[in-house]
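Structure first, commentary second.
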Amino acid sequence: KLVWILGQVLVLLVLVRLFGKHIAKVTKHAEDNIWPILGWGFLKLFFTPFLILALLVTIIGTPLALLVIGVYIAAICLSTYISGAVLGHYAAMKGWIKNDSLYLQAGLGFLTIVFVGLIPFIGWIVRLLAVIVGLGLVFEWEKSLLKNKVTK
């Protein structure tokens, strides 16, 4: 289990290296828009499988369904990392973490989610919220990408 957690932290550190400059903007956006983010994350988590099934029943929709499955799985996998990075940066903004390193902030936020997620009875709620928030932020990112494509 410890090796698995260390592997996840390594993936998180790579993601922070790639997207670290955006963490502050995402954290501010999450703080200002938490309810819409939770709503979109909930919708993405629970209704995307129904969309996939609806696409799979048509011959024309099958390739699109396969694409949506890939994006859905990737978003779920990334959601906890995103939530951890945002949680760590938020804690630093509030002064709970006295360090400017995005790597340390993201690592502590992620490990907080992982270890609180191990607590019986409330752990699954914490993990579910982390996934929902992460999916909501992924949805917001996807929306901004589409908006930039349309306006260009």
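Going through the structure tokens in order, the chains are called A, B, and so on, while each chain numbers its residues from 1 and the ligands are numbered from 1 in the order shown.
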
Hey, what's within 9 Å of stretch 6-9 of chain A if we count only C-alpha atoms and toss same-chain stuff fewer than 5 positions away? As a PyMOL selection string, please?
chain A and resi 1+14+81+106-107+110-111

Give me the residues within 12 Å of A:Leu102 as an NGL selection string, counting only C-alpha atoms and dropping any in the same chain fewer than 5 places off.
:A and (12-24 or 84-93 or 97 or 107-110)

As a ChimeraX atom specification, please: the residues near A:Val126 (cut-off 7 Å, only C-alpha atoms, same-chain neighbours under 3 positions excluded).
/A:113,117,122-123,129-130

Please produce a file of the residues just selected, as a PDB file, in the first residue's frame, where the atoms kept are N, CA, C and O atoms.
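Wrote result20.pdb, looks like this:
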```
ATOM      1  N   ILE A 113      -5.895  13.861   1.615  1.00  0.00           N
ATOM      2  CA  ILE A 113      -7.051  13.157   1.049  1.00  0.00           C
ATOM      3  C   ILE A 113      -6.877  11.649   1.176  1.00  0.00           C
ATOM      4  O   ILE A 113      -7.802  10.937   1.560  1.00  0.00           O
ATOM      5  N   GLY A 117      -9.017   9.571   3.755  1.00  0.00           N
ATOM      6  CA  GLY A 117      -9.829   8.600   3.032  1.00  0.00           C
ATOM      7  C   GLY A 117      -9.737   7.198   3.602  1.00  0.00           C
ATOM      8  O   GLY A 117     -10.576   6.346   3.309  1.00  0.00           O
ATOM      9  N   ILE A 122     -16.087   7.729   7.244  1.00  0.00           N
ATOM     10  CA  ILE A 122     -16.042   9.038   6.587  1.00  0.00           C
ATOM     11  C   ILE A 122     -15.051   9.074   5.430  1.00  0.00           C
ATOM     12  O   ILE A 122     -15.100   9.973   4.606  1.00  0.00           O
ATOM     13  N   GLY A 123     -14.189   8.089   5.363  1.00  0.00           N
ATOM     14  CA  GLY A 123     -13.164   8.076   4.328  1.00  0.00           C
ATOM     15  C   GLY A 123     -13.736   8.045   2.927  1.00  0.00           C
ATOM     16  O   GLY A 123     -13.265   8.760   2.037  1.00  0.00           O
ATOM     17  N   LEU A 129     -15.880  13.148  -2.465  1.00  0.00           N
ATOM     18  CA  LEU A 129     -15.844  14.602  -2.645  1.00  0.00           C
ATOM     19  C   LEU A 129     -14.618  15.039  -3.434  1.00  0.00           C
ATOM     20  O   LEU A 129     -14.698  15.947  -4.264  1.00  0.00           O
ATOM     21  N   ALA A 130     -13.478  14.398  -3.176  1.00  0.00           N
ATOM     22  CA  ALA A 130     -12.262  14.727  -3.924  1.00  0.00           C
ATOM     23  C   ALA A 130     -12.450  14.426  -5.401  1.00  0.00           C
ATOM     24  O   ALA A 130     -12.062  15.220  -6.265  1.00  0.00           O
TER      25      ALA A 130
END
```

Tell me which protein, DNA and RNA residues are within 10 Å of A:Trp35, counting only C-alpha atoms, leaving out same-chain ones fewer than 5 positions away, and put them as a PyMOL selection string.
chain A and resi 30+40-41+133+136

Where does DSSP see alpha helix (DSSP H) in stretch 58-128 of chain A, if you list the residues as a ChimeraX atom specification?
/A:62-93,102-116,123-128

With only C-alpha atoms as the counted atoms, please give the residues lying no more than 12 Å from stretch 137-144 of chain A, apart from itself and same-chain residues fewer than 5 positions off, as a PyMOL selection string.
chain A and resi 22-23+25-31+33-45+48+71-83+85-86+130-132+149-151

Pairwise distance for atom CA of A:Leu67 and atom CA of A:Phe50, rounded to one decimal in Å:
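We find that atom CA of A:Leu67 and atom CA of A:Phe50 lie 14.4 Å from each other.
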
How many Å lie between atom CA of A:Leu53 and atom CA of A:Ala65, rounded to one decimal?
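Atom-to-atom, atom CA of A:Leu53 and atom CA of A:Ala65 are spaced 7.7 Å apart.
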
One decimal, Å: what's the distance from atom CA of A:Leu51 over to atom CA of A:Leu64, could you say?
10.4 Å
